[in-house]
>>> print(open('my_file07.cif').read())   # mmCIF, C-alpha atoms
data_run
loop_
_atom_site.group_PDB
_atom_site.id
_atom_site.type_symbol
_atom_site.label_atom_id
_atom_site.label_comp_id
_atom_site.auth_asym_id
_atom_site.auth_seq_id
_atom_site.Cartn_x
_atom_site.Cartn_y
_atom_site.Cartn_z
ATOM 1 C CA MET A 13 -2.209 14.856 30.451
ATOM 2 C CA TYR A 14 -1.936 17.442 27.699
ATOM 3 C CA GLU A 15 1.240 18.958 29.203
ATOM 4 C CA ILE A 16 2.839 15.526 29.673
ATOM 5 C CA LEU A 17 2.235 14.588 26.047
ATOM 6 C CA LYS A 18 3.521 17.957 24.934
ATOM 7 C CA SER A 19 6.751 17.302 26.882
ATOM 8 C CA VAL A 20 7.138 13.834 25.404
ATOM 9 C CA ILE A 21 6.657 15.161 21.863
ATOM 10 C CA SER A 22 9.102 18.023 22.482
ATOM 11 C CA ALA A 23 11.720 15.563 23.756
ATOM 12 C CA GLY A 24 11.494 13.487 20.547
ATOM 13 C CA GLY A 25 12.552 9.866 20.092
ATOM 14 C CA TYR A 26 9.004 8.552 19.761
ATOM 15 C CA LYS A 27 7.230 6.587 17.066
ATOM 16 C CA LEU A 28 4.598 8.688 15.367
ATOM 17 C CA ALA A 29 1.994 5.914 15.281
ATOM 18 C CA ASP A 30 2.351 5.375 19.040
ATOM 19 C CA ILE A 31 1.851 9.057 19.860
ATOM 20 C CA GLN A 32 -1.073 9.394 17.462
ATOM 21 C CA HIS A 33 -2.772 6.368 19.015
ATOM 22 C CA LYS A 34 -2.273 7.702 22.546
ATOM 23 C CA VAL A 35 -3.538 11.213 21.700
ATOM 24 C CA LYS A 36 -6.643 9.890 19.953
ATOM 25 C CA LYS A 37 -7.364 7.510 22.798
ATOM 26 C CA LEU A 38 -7.121 10.311 25.365
ATOM 27 C CA TYR A 39 -9.420 12.461 23.222
ATOM 28 C CA ILE A 40 -12.007 9.670 23.067
ATOM 29 C CA LEU A 41 -11.770 9.208 26.856
ATOM 30 C CA GLY A 42 -12.412 12.943 27.265
ATOM 31 C CA ASP A 43 -8.989 13.758 28.718
ATOM 32 C CA LEU A 44 -8.165 16.100 25.787
ATOM 33 C CA THR A 45 -10.193 18.700 23.938
ATOM 34 C CA GLU A 46 -10.426 18.587 20.157
ATOM 35 C CA GLU A 47 -8.116 21.618 19.925
ATOM 36 C CA GLN A 48 -5.531 19.948 22.183
ATOM 37 C CA MET A 49 -5.735 16.754 20.130
ATOM 38 C CA ASP A 50 -5.213 18.668 16.868
ATOM 39 C CA GLU A 51 -2.283 20.602 18.331
ATOM 40 C CA LEU A 52 -0.561 17.482 19.683
ATOM 41 C CA LEU A 53 -1.052 15.560 16.436
ATOM 42 C CA ALA A 54 0.385 18.462 14.436
ATOM 43 C CA MET A 55 3.348 18.791 16.837
ATOM 44 C CA ALA A 56 4.026 15.065 16.615
ATOM 45 C CA SER A 57 3.910 15.027 12.810
ATOM 46 C CA ASP A 58 6.108 18.108 12.473
ATOM 47 C CA GLY A 59 8.696 16.951 14.989
ATOM 48 C CA ILE A 60 9.242 13.404 13.799
ATOM 49 C CA SER A 61 12.596 12.407 12.327
ATOM 50 C CA ALA A 62 12.923 9.555 9.873
ATOM 51 C CA ASP A 63 15.808 8.077 11.873
ATOM 52 C CA ALA A 64 13.744 7.877 15.064
ATOM 53 C CA GLU A 65 10.595 6.745 13.278
ATOM 54 C CA ARG A 66 11.943 3.661 11.568
ATOM 55 C CA PRO A 67 15.414 2.614 12.736
ATOM 56 C CA GLU A 68 14.709 -1.000 11.822
ATOM 57 C CA THR A 69 13.862 0.068 8.253
ATOM 58 C CA LEU A 70 17.100 2.031 7.959
ATOM 59 C CA ALA A 71 19.047 -0.993 9.197
ATOM 60 C CA LEU A 72 17.283 -3.187 6.642
ATOM 61 C CA ILE A 73 18.069 -0.739 3.822
ATOM 62 C CA HIS A 74 21.734 -0.724 4.851
ATOM 63 C CA THR A 75 21.832 -4.542 4.910
ATOM 64 C CA LEU A 76 20.144 -4.768 1.505
ATOM 65 C CA ALA A 77 22.588 -2.258 0.003
ATOM 66 C CA GLU A 78 25.493 -4.393 1.225
ATOM 67 C CA LYS A 79 23.923 -7.533 -0.263
ATOM 68 C CA VAL A 80 23.297 -5.844 -3.621
ATOM 69 C CA GLU A 81 26.918 -4.720 -3.753
ATOM 70 C CA ALA A 82 28.128 -8.250 -2.942
ATOM 71 C CA LEU A 83 25.857 -9.709 -5.652
ATOM 72 C CA GLU A 84 27.165 -7.227 -8.213
ATOM 73 C CA VAL A 85 30.724 -8.299 -7.420
ATOM 74 C CA ARG A 86 29.739 -11.972 -7.741
ATOM 75 C CA MET A 87 27.952 -11.393 -11.055
ATOM 76 C CA ALA A 88 30.992 -9.601 -12.473
ATOM 77 C CA ALA A 89 33.184 -12.535 -11.410
ATOM 78 C CA TYR A 90 30.654 -14.985 -12.833
ATOM 79 C CA ASP A 91 31.380 -13.773 -16.359
ATOM 80 C CA GLY A 92 35.147 -13.904 -16.433
ATOM 81 C CA GLY A 93 35.555 -10.977 -14.113
ATOM 82 C CA ASN A 94 34.253 -8.159 -16.238
ATOM 83 C CA GLY A 95 30.752 -8.960 -17.510
ATOM 84 C CA GLU A 96 31.605 -7.214 -20.766
ATOM 85 C CA GLU A 97 31.908 -8.263 -24.347
ATOM 86 C CA GLN A 98 35.088 -9.825 -25.697
ATOM 87 C CA GLY A 99 36.313 -9.443 -29.246
ATOM 88 C CA GLY A 100 33.094 -7.682 -30.206
ATOM 89 C CA TYR A 101 30.933 -10.569 -28.986
ATOM 90 C CA PRO A 102 28.437 -9.989 -26.151
ATOM 91 C CA ALA A 103 28.965 -11.493 -22.732
ATOM 92 C CA TRP A 104 26.758 -14.507 -22.021
ATOM 93 C CA LYS A 105 23.984 -13.811 -19.529
ATOM 94 C CA PRO A 106 21.529 -16.265 -17.979
ATOM 95 C CA TRP A 107 18.383 -16.623 -20.065
ATOM 96 C CA ASP A 108 15.665 -14.182 -19.032
ATOM 97 C CA GLY A 109 12.813 -16.413 -20.199
ATOM 98 C CA ILE A 110 11.948 -14.095 -23.083
ATOM 99 C CA SER A 111 14.908 -13.288 -25.313
ATOM 100 C CA LYS A 112 15.965 -15.287 -28.330
ATOM 101 C CA ASP A 113 19.619 -14.231 -28.082
ATOM 102 C CA TYR A 114 21.205 -17.675 -28.120
ATOM 103 C CA GLN A 115 19.868 -19.387 -31.232
ATOM 104 C CA LYS A 116 22.039 -21.802 -33.235
ATOM 105 C CA GLY A 117 25.168 -20.000 -34.416
ATOM 106 C CA ALA A 118 25.097 -17.287 -31.740
ATOM 107 C CA ILE A 119 28.565 -16.424 -30.430
ATOM 108 C CA VAL A 120 29.123 -15.179 -26.889
ATOM 109 C CA SER A 121 32.012 -14.552 -24.516
ATOM 110 C CA HIS A 122 32.020 -16.325 -21.174
ATOM 111 C CA ASN A 123 34.762 -16.924 -18.599
ATOM 112 C CA GLY A 124 37.387 -15.449 -20.922
ATOM 113 C CA GLU A 125 36.499 -17.656 -23.899
ATOM 114 C CA LEU A 126 34.264 -17.416 -26.942
ATOM 115 C CA TRP A 127 31.462 -19.936 -27.429
ATOM 116 C CA ARG A 128 29.171 -20.740 -30.377
ATOM 117 C CA SER A 129 25.726 -22.223 -29.847
ATOM 118 C CA ASP A 130 25.228 -25.524 -31.717
ATOM 119 C CA TYR A 131 21.779 -26.101 -30.277
ATOM 120 C CA ALA A 132 18.896 -25.997 -32.790
ATOM 121 C CA GLY A 133 16.692 -23.648 -30.759
ATOM 122 C CA GLN A 134 16.966 -21.267 -27.816
ATOM 123 C CA ASN A 135 20.102 -22.291 -25.943
ATOM 124 C CA VAL A 136 19.385 -21.579 -22.289
ATOM 125 C CA TRP A 137 22.372 -23.419 -20.800
ATOM 126 C CA GLU A 138 25.605 -21.854 -19.563
ATOM 127 C CA PRO A 139 28.544 -22.303 -21.932
ATOM 128 C CA GLY A 140 31.332 -24.554 -20.688
ATOM 129 C CA THR A 141 29.393 -26.239 -17.894
ATOM 130 C CA PRO A 142 29.333 -30.025 -17.632
ATOM 131 C CA GLY A 143 26.747 -31.580 -19.924
ATOM 132 C CA THR A 144 26.688 -28.697 -22.412
ATOM 133 C CA GLU A 145 29.485 -29.962 -24.665
ATOM 134 C CA ALA A 146 27.034 -30.631 -27.530
ATOM 135 C CA LEU A 147 25.180 -27.352 -26.975
ATOM 136 C CA TRP A 148 28.096 -24.901 -26.893
ATOM 137 C CA VAL A 149 31.463 -25.325 -28.614
ATOM 138 C CA LYS A 150 34.528 -23.193 -28.083
ATOM 139 C CA TYR A 151 34.804 -20.707 -30.887
ATOM 140 C CA ILE A 152 38.089 -19.573 -32.352
ATOM 141 C CA GLU A 153 37.757 -16.507 -34.512
ATOM 142 C CA GLU A 154 39.398 -16.895 -37.914
ATOM 143 C CA GLU A 155 41.576 -14.003 -38.964
#
>>> encode(input="my_file07.cif", output="structure tokens")
Amino acid sequence: MYEILKSVISAGGYKLADIQHKVKKLYILGDLTEEQMDELLAMASDGISADAERPETLALIHTLAEKVEALEVRMAAYDGGNGEEQGGYPAWKPWDGISKDYQKGAIVSHNGELWRSDYAGQNVWEPGTPGTEALWVKYIEEE
């Protein structure tokens, strides 16, 4: 059994946990000596490749990276295409539940326009959306 396991480990393409379980089980059954068990476990640990060990994890990481990239593109488009300040005013961002950035009088850029908060408190609503006409008003900078 020792030689068979040695061949399997040398060939690669195994999951480390599976080999470890099998080696320990054979040791408990008396089919391997303690020295053989230690040698096989060391060989298995040394010879494992991350790609063979967790292909499903690598696929998940790839999928998540694609989704993050797509979300970043959507977030940039969400704020007028650039997510940056306009005319020296910061870009509006959804409220984080903590900040006090959008108090009455705060001016922000959003969707290519400037907006001033007319709400007497923390304005958590998105400028220019239906129902926020009394909360945000378009702001025209005086020269």
>>> resolve_selection(input="my_file07.cif", expression="the PyMOL selection byres ((chain A and resi 131) around 8)", output="VMD selection string")
chain A and resid 115 to 116 129 to 130 132 to 135 146 to 148
>>> resolve_selection(input="my_file07.cif", expression="the PyMOL selection byres ((chain A and resi 139) around 10)", output="list in words")
Trp104, Lys105, Val120, Ser121, His122, Asn123, Glu125, Leu126, Trp127, Arg128, Ser129, Asn135, Val136, Trp137, Glu138, Gly140, Thr141, Pro142, Gly143, Thr144, Glu145, Leu147, Trp148, Val149 and Lys150 of chain A
>>> atom_distance(input="my_file07.cif", atom1="atom CA of A:Lys34", atom2="atom CA of A:Leu70")
24.9 Å
>>> residues_around(input="my_file07.cif", residues="stretch 46-54 of chain A", least_positions_apart="2", cutoff="12 Å", atoms="all atoms listed in the file", output="number ranges by chain")
A: 13-22, 28-44, 56-60
>>> atom_distance(input="my_file07.cif", atom1="atom CA of A:Gly99", atom2="atom CA of A:Glu153")
8.9 Å
>>> atom_distance(input="my_file07.cif", atom1="atom CA of A:Trp107", atom2="atom CA of A:Glu78")
25.6 Å
>>> axis_aligned_box(input="my_file07.cif", around="stretch 17-23 of chain A", padding_each_side="4 Å", output="AutoDock Vina command-line options")
--center_x 7.0 --center_y 15.9 --center_z 24.4 --size_x 17.5 --size_y 12.2 --size_z 13.0
>>> closest_residue(input="my_file07.cif", among="A:Thr75, A:Gly24, A:Gln98, A:Tyr151", to="A:Ala118", atoms="only C-alpha atoms")
A:Tyr151
>>> decode(input="my_file07.cif", residues="stretch 123-134 of chain A", atoms="N, CA and C atoms", output="mmCIF file, in the first residue's frame")
data_model
loop_
_atom_site.group_PDB
_atom_site.id
_atom_site.type_symbol
_atom_site.label_atom_id
_atom_site.label_comp_id
_atom_site.auth_asym_id
_atom_site.auth_seq_id
_atom_site.Cartn_x
_atom_site.Cartn_y
_atom_site.Cartn_z
ATOM 1 N N ASN A 123 -24.396 63.376 -11.301
ATOM 2 C CA ASN A 123 -24.931 63.252 -12.664
ATOM 3 C C ASN A 123 -24.697 64.516 -13.489
ATOM 4 N N GLY A 124 -23.519 65.097 -13.341
ATOM 5 C CA GLY A 124 -23.136 66.255 -14.155
ATOM 6 C C GLY A 124 -23.724 67.574 -13.714
ATOM 7 N N GLU A 125 -24.395 67.598 -12.554
ATOM 8 C CA GLU A 125 -24.986 68.845 -12.058
ATOM 9 C C GLU A 125 -24.573 69.070 -10.614
ATOM 10 N N LEU A 126 -24.696 70.324 -10.183
ATOM 11 C CA LEU A 126 -24.424 70.654 -8.784
ATOM 12 C C LEU A 126 -25.745 70.729 -8.037
ATOM 13 N N TRP A 127 -25.722 70.277 -6.777
ATOM 14 C CA TRP A 127 -26.921 70.244 -5.948
ATOM 15 C C TRP A 127 -26.582 70.804 -4.565
ATOM 16 N N ARG A 128 -27.559 71.546 -3.990
ATOM 17 C CA ARG A 128 -27.408 72.067 -2.629
ATOM 18 C C ARG A 128 -28.484 71.435 -1.756
ATOM 19 N N SER A 129 -28.070 70.976 -0.580
ATOM 20 C CA SER A 129 -29.009 70.352 0.344
ATOM 21 C C SER A 129 -29.836 71.431 1.026
ATOM 22 N N ASP A 130 -31.155 71.320 0.969
ATOM 23 C CA ASP A 130 -32.071 72.228 1.668
ATOM 24 C C ASP A 130 -32.751 71.530 2.834
ATOM 25 N N TYR A 131 -32.285 70.351 3.168
ATOM 26 C CA TYR A 131 -32.883 69.581 4.245
ATOM 27 C C TYR A 131 -32.222 69.973 5.564
ATOM 28 N N ALA A 132 -33.046 70.231 6.591
ATOM 29 C CA ALA A 132 -32.533 70.662 7.897
ATOM 30 C C ALA A 132 -32.101 69.437 8.708
ATOM 31 N N GLY A 133 -31.006 68.834 8.328
ATOM 32 C CA GLY A 133 -30.487 67.646 9.003
ATOM 33 C C GLY A 133 -29.589 66.894 8.047
ATOM 34 N N GLN A 134 -29.314 65.636 8.358
ATOM 35 C CA GLN A 134 -28.473 64.816 7.474
ATOM 36 C C GLN A 134 -29.295 64.367 6.281
#
